[in-house]
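Trainee: Next up is a structure, given as structure tokens.
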Amino acid sequence: MVLSQLSKQTNLRENRLRCIRTHLEAFDIEPVLQISLFEEVIMEVEGSCNVKCSCKVETDRLFACQFALAYTQKKWPTTLKHNARLFEKIERSVGICIDRHKFEQFSRLHVNSDKILDSTVGIDLRPNSFNNIKDISNYFLFNTLGNRIYSFCQNQDCILLAIIGVNEKELYSNRLENFLFDYAKNDESRMMRV
């Protein structure tokens, strides 16, 4: 029984690595330090997980460097230890100190929350998508509601990043009719969904 559990856990860990490395190979991504640190952390996770590998296309440029691990069996707040482990590994390897104040403050405030179901741990090695929120119009044409949201965001200060999420079929239309528009504001340190 114990041997079968160990064998199963070993297979799960190998599958996680295989998923990431297949993605790296398919898109000619050089393994960098952050990826190896992320791999070390996900190898410590017990039980089944979902590994998310993402690709982003900007005109003729491919960015296939976003990886995340979502837990299928463990729940909040036990999953936080892996986030902390990734921070520690990055700090030790690179010789920097990550400001974890907001992360720790959030964790303490919500440790017993029944509204948070899970957390993920991951890395994002993509360069910034947009240098300025005004650059979004170079990539997307929106419907009337989208233009309203975009206009609102342009008039806000402290926008750190904007994310446009679409289904594949939307990419073939002249303008976006169904989409998700996320933006993050610096002064609130949280994602705002419109």
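Ligands are numbered from 1 in the order shown, residues from 1 within each chain, and chains are lettered A, B, ... in the order they appear in the structure tokens.
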Using backbone DSSP assignments, extract all strand (DSSP E or B) residues from region 40-136 of chain A; output them as number ranges by chain.

Mentor: A: 49-58, 61-71, 120-124

Trainee: Next, the residues of the selection above should be written as a PDB file, in the first residue's frame with C-alpha atoms.

Mentor:
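As written to disk, selection09.pdb reads:
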```
ATOM      1  CA  CYS A  49      -2.457  19.188  -9.202  1.00  0.00           C
ATOM      2  CA  ASN A  50      -3.227  21.054 -12.394  1.00  0.00           C
ATOM      3  CA  VAL A  51      -0.267  22.561 -14.220  1.00  0.00           C
ATOM      4  CA  LYS A  52      -1.108  25.604 -16.318  1.00  0.00           C
ATOM      5  CA  CYS A  53       1.194  26.611 -19.167  1.00  0.00           C
ATOM      6  CA  SER A  54       0.251  29.723 -21.122  1.00  0.00           C
ATOM      7  CA  CYS A  55       1.136  31.284 -24.452  1.00  0.00           C
ATOM      8  CA  LYS A  56       0.619  34.902 -25.406  1.00  0.00           C
ATOM      9  CA  VAL A  57       0.939  36.266 -28.919  1.00  0.00           C
ATOM     10  CA  GLU A  58       1.696  39.889 -29.710  1.00  0.00           C
ATOM     11  CA  ARG A  61       5.982  37.577 -31.126  1.00  0.00           C
ATOM     12  CA  LEU A  62       5.274  34.524 -28.969  1.00  0.00           C
ATOM     13  CA  PHE A  63       5.586  34.587 -25.191  1.00  0.00           C
ATOM     14  CA  ALA A  64       5.113  31.093 -23.790  1.00  0.00           C
ATOM     15  CA  CYS A  65       6.534  31.755 -20.349  1.00  0.00           C
ATOM     16  CA  GLN A  66       3.723  31.662 -17.830  1.00  0.00           C
ATOM     17  CA  PHE A  67       3.369  28.650 -15.544  1.00  0.00           C
ATOM     18  CA  ALA A  68       1.083  28.042 -12.581  1.00  0.00           C
ATOM     19  CA  LEU A  69       0.164  25.167 -10.309  1.00  0.00           C
ATOM     20  CA  ALA A  70      -3.420  24.827  -9.071  1.00  0.00           C
ATOM     21  CA  TYR A  71      -4.186  22.374  -6.338  1.00  0.00           C
ATOM     22  CA  THR A 120      -2.104  28.978  -6.974  1.00  0.00           C
ATOM     23  CA  VAL A 121       1.634  29.333  -7.216  1.00  0.00           C
ATOM     24  CA  GLY A 122       3.348  30.285 -10.434  1.00  0.00           C
ATOM     25  CA  ILE A 123       5.766  32.369 -12.410  1.00  0.00           C
ATOM     26  CA  ASP A 124       5.257  34.790 -15.269  1.00  0.00           C
TER      27      ASP A 124
END
```

Trainee: As a list in words, please: the residues near Glu88 (chain A) (cut-off 12 Å, only C-alpha atoms, same-chain neighbours under 2 positions excluded).

Mentor: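 Close residues of Glu88 (chain A): Gln34, Leu37, Phe38, Glu40, Val41, Lys81, His82, Asn83, Ala84, Arg85, Leu86, Ile90, Glu91, Arg92, Ser93, Val94, Gly95, Ile96, Cys97, Ile98, Asp99 and Arg100 of chain A.
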
Trainee: Keeping N, CA, C and O atoms for every residue in the selection just given, could you write it to a file as a PDB file, in the first residue's frame?

Mentor:
```pdb
ATOM      1  N   GLN A  34      14.305  30.935 -12.847  1.00  0.00           N
ATOM      2  CA  GLN A  34      12.974  30.978 -12.254  1.00  0.00           C
ATOM      3  C   GLN A  34      12.197  29.695 -12.543  1.00  0.00           C
ATOM      4  O   GLN A  34      11.441  29.216 -11.697  1.00  0.00           O
ATOM      5  N   LEU A  37      13.470  26.898 -10.274  1.00  0.00           N
ATOM      6  CA  LEU A  37      12.996  27.103  -8.903  1.00  0.00           C
ATOM      7  C   LEU A  37      11.520  26.728  -8.772  1.00  0.00           C
ATOM      8  O   LEU A  37      11.112  26.102  -7.798  1.00  0.00           O
ATOM      9  N   PHE A  38      10.743  27.086  -9.767  1.00  0.00           N
ATOM     10  CA  PHE A  38       9.326  26.721  -9.777  1.00  0.00           C
ATOM     11  C   PHE A  38       9.177  25.200  -9.828  1.00  0.00           C
ATOM     12  O   PHE A  38       8.359  24.624  -9.106  1.00  0.00           O
ATOM     13  N   GLU A  40      11.260  23.006  -8.680  1.00  0.00           N
ATOM     14  CA  GLU A  40      11.599  22.477  -7.355  1.00  0.00           C
ATOM     15  C   GLU A  40      10.417  22.563  -6.397  1.00  0.00           C
ATOM     16  O   GLU A  40      10.142  21.631  -5.652  1.00  0.00           O
ATOM     17  N   VAL A  41       9.713  23.688  -6.430  1.00  0.00           N
ATOM     18  CA  VAL A  41       8.578  23.877  -5.530  1.00  0.00           C
ATOM     19  C   VAL A  41       7.446  22.917  -5.877  1.00  0.00           C
ATOM     20  O   VAL A  41       6.876  22.279  -4.995  1.00  0.00           O
ATOM     21  N   LYS A  81       1.868  27.566   1.836  1.00  0.00           N
ATOM     22  CA  LYS A  81       3.262  27.227   2.139  1.00  0.00           C
ATOM     23  C   LYS A  81       4.095  27.098   0.860  1.00  0.00           C
ATOM     24  O   LYS A  81       5.272  27.423   0.852  1.00  0.00           O
ATOM     25  N   HIS A  82       3.480  26.672  -0.234  1.00  0.00           N
ATOM     26  CA  HIS A  82       4.226  26.533  -1.481  1.00  0.00           C
ATOM     27  C   HIS A  82       4.536  27.904  -2.104  1.00  0.00           C
ATOM     28  O   HIS A  82       5.586  28.090  -2.695  1.00  0.00           O
ATOM     29  N   ASN A  83       3.612  28.848  -1.930  1.00  0.00           N
ATOM     30  CA  ASN A  83       3.883  30.213  -2.380  1.00  0.00           C
ATOM     31  C   ASN A  83       5.077  30.788  -1.619  1.00  0.00           C
ATOM     32  O   ASN A  83       5.980  31.386  -2.213  1.00  0.00           O
ATOM     33  N   ALA A  84       5.079  30.584  -0.313  1.00  0.00           N
ATOM     34  CA  ALA A  84       6.184  31.077   0.515  1.00  0.00           C
ATOM     35  C   ALA A  84       7.497  30.393   0.140  1.00  0.00           C
ATOM     36  O   ALA A  84       8.547  31.040   0.111  1.00  0.00           O
ATOM     37  N   ARG A  85       7.449  29.105  -0.163  1.00  0.00           N
ATOM     38  CA  ARG A  85       8.664  28.373  -0.566  1.00  0.00           C
ATOM     39  C   ARG A  85       9.247  28.950  -1.851  1.00  0.00           C
ATOM     40  O   ARG A  85      10.470  29.073  -1.977  1.00  0.00           O
ATOM     41  N   LEU A  86       8.392  29.298  -2.809  1.00  0.00           N
ATOM     42  CA  LEU A  86       8.891  29.881  -4.062  1.00  0.00           C
ATOM     43  C   LEU A  86       9.551  31.228  -3.787  1.00  0.00           C
ATOM     44  O   LEU A  86      10.633  31.508  -4.307  1.00  0.00           O
ATOM     45  N   ILE A  90      13.590  32.009  -4.541  1.00  0.00           N
ATOM     46  CA  ILE A  90      14.006  33.128  -5.390  1.00  0.00           C
ATOM     47  C   ILE A  90      14.930  34.059  -4.614  1.00  0.00           C
ATOM     48  O   ILE A  90      15.972  34.485  -5.117  1.00  0.00           O
ATOM     49  N   GLU A  91      14.560  34.368  -3.375  1.00  0.00           N
ATOM     50  CA  GLU A  91      15.403  35.245  -2.552  1.00  0.00           C
ATOM     51  C   GLU A  91      16.806  34.675  -2.377  1.00  0.00           C
ATOM     52  O   GLU A  91      17.797  35.388  -2.547  1.00  0.00           O
ATOM     53  N   ARG A  92      16.904  33.401  -2.032  1.00  0.00           N
ATOM     54  CA  ARG A  92      18.214  32.779  -1.814  1.00  0.00           C
ATOM     55  C   ARG A  92      19.034  32.689  -3.098  1.00  0.00           C
ATOM     56  O   ARG A  92      20.233  32.933  -3.092  1.00  0.00           O
ATOM     57  N   SER A  93      18.391  32.349  -4.192  1.00  0.00           N
ATOM     58  CA  SER A  93      19.121  32.142  -5.444  1.00  0.00           C
ATOM     59  C   SER A  93      19.584  33.435  -6.091  1.00  0.00           C
ATOM     60  O   SER A  93      20.642  33.485  -6.688  1.00  0.00           O
ATOM     61  N   VAL A  94      18.765  34.457  -5.976  1.00  0.00           N
ATOM     62  CA  VAL A  94      19.081  35.716  -6.649  1.00  0.00           C
ATOM     63  C   VAL A  94      19.734  36.715  -5.702  1.00  0.00           C
ATOM     64  O   VAL A  94      20.357  37.673  -6.137  1.00  0.00           O
ATOM     65  N   GLY A  95      19.615  36.480  -4.408  1.00  0.00           N
ATOM     66  CA  GLY A  95      20.216  37.381  -3.435  1.00  0.00           C
ATOM     67  C   GLY A  95      19.435  38.665  -3.252  1.00  0.00           C
ATOM     68  O   GLY A  95      20.014  39.736  -3.088  1.00  0.00           O
ATOM     69  N   ILE A  96      18.114  38.571  -3.321  1.00  0.00           N
ATOM     70  CA  ILE A  96      17.265  39.741  -3.124  1.00  0.00           C
ATOM     71  C   ILE A  96      16.321  39.487  -1.962  1.00  0.00           C
ATOM     72  O   ILE A  96      16.201  38.375  -1.479  1.00  0.00           O
ATOM     73  N   CYS A  97      15.627  40.527  -1.543  1.00  0.00           N
ATOM     74  CA  CYS A  97      14.620  40.398  -0.497  1.00  0.00           C
ATOM     75  C   CYS A  97      13.286  40.834  -1.106  1.00  0.00           C
ATOM     76  O   CYS A  97      13.134  41.980  -1.531  1.00  0.00           O
ATOM     77  N   ILE A  98      12.355  39.902  -1.189  1.00  0.00           N
ATOM     78  CA  ILE A  98      11.031  40.198  -1.741  1.00  0.00           C
ATOM     79  C   ILE A  98      10.174  40.811  -0.645  1.00  0.00           C
ATOM     80  O   ILE A  98      10.107  40.283   0.469  1.00  0.00           O
ATOM     81  N   ASP A  99       9.536  41.922  -0.958  1.00  0.00           N
ATOM     82  CA  ASP A  99       8.637  42.560  -0.005  1.00  0.00           C
ATOM     83  C   ASP A  99       7.345  41.741   0.042  1.00  0.00           C
ATOM     84  O   ASP A  99       6.532  41.778  -0.866  1.00  0.00           O
ATOM     85  N   ARG A 100       7.174  40.999   1.120  1.00  0.00           N
ATOM     86  CA  ARG A 100       6.013  40.116   1.272  1.00  0.00           C
ATOM     87  C   ARG A 100       4.950  40.711   2.180  1.00  0.00           C
ATOM     88  O   ARG A 100       4.021  40.015   2.579  1.00  0.00           O
TER      89      ARG A 100
END
```

Trainee: For the atom pair CA of Asp135 (chain A) and CA of Lys169 (chain A), what is the interatomic distance in Å to one decimal place?

Mentor: 22.8 Å

Trainee: How many Å lie between CA of Gln9 (chain A) and CA of Ile42 (chain A), rounded to one decimal?

Mentor: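 Pair CA of Gln9 (chain A) / CA of Ile42 (chain A) returns 11.9 Å.
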
Trainee: So which one's closest to Glu44 (chain A), A:Asp114, A:Leu180, A:Leu12, A:Ile29? Using only C-alpha atoms, please.

Mentor: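 Of A:Asp114, A:Leu180, A:Leu12, A:Ile29, the one nearest Glu44 (chain A) is A:Leu12, counting only C-alpha atoms.
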
Trainee: Apply DSSP to the backbone of this structure and, from region 23-136 of chain A, keep only the residues in helix (DSSP H, G or I); write these as a ChimeraX atom specification.

Mentor: /A:23-26,33-43,80-94,101-110,133-136

Trainee: Rounded to one decimal, what separation in Å do you get between CA of Phe179 (chain A) and CA of Cys19 (chain A)?

Mentor: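 We find that CA of Phe179 (chain A) and CA of Cys19 (chain A) lie 28.0 Å from each other.
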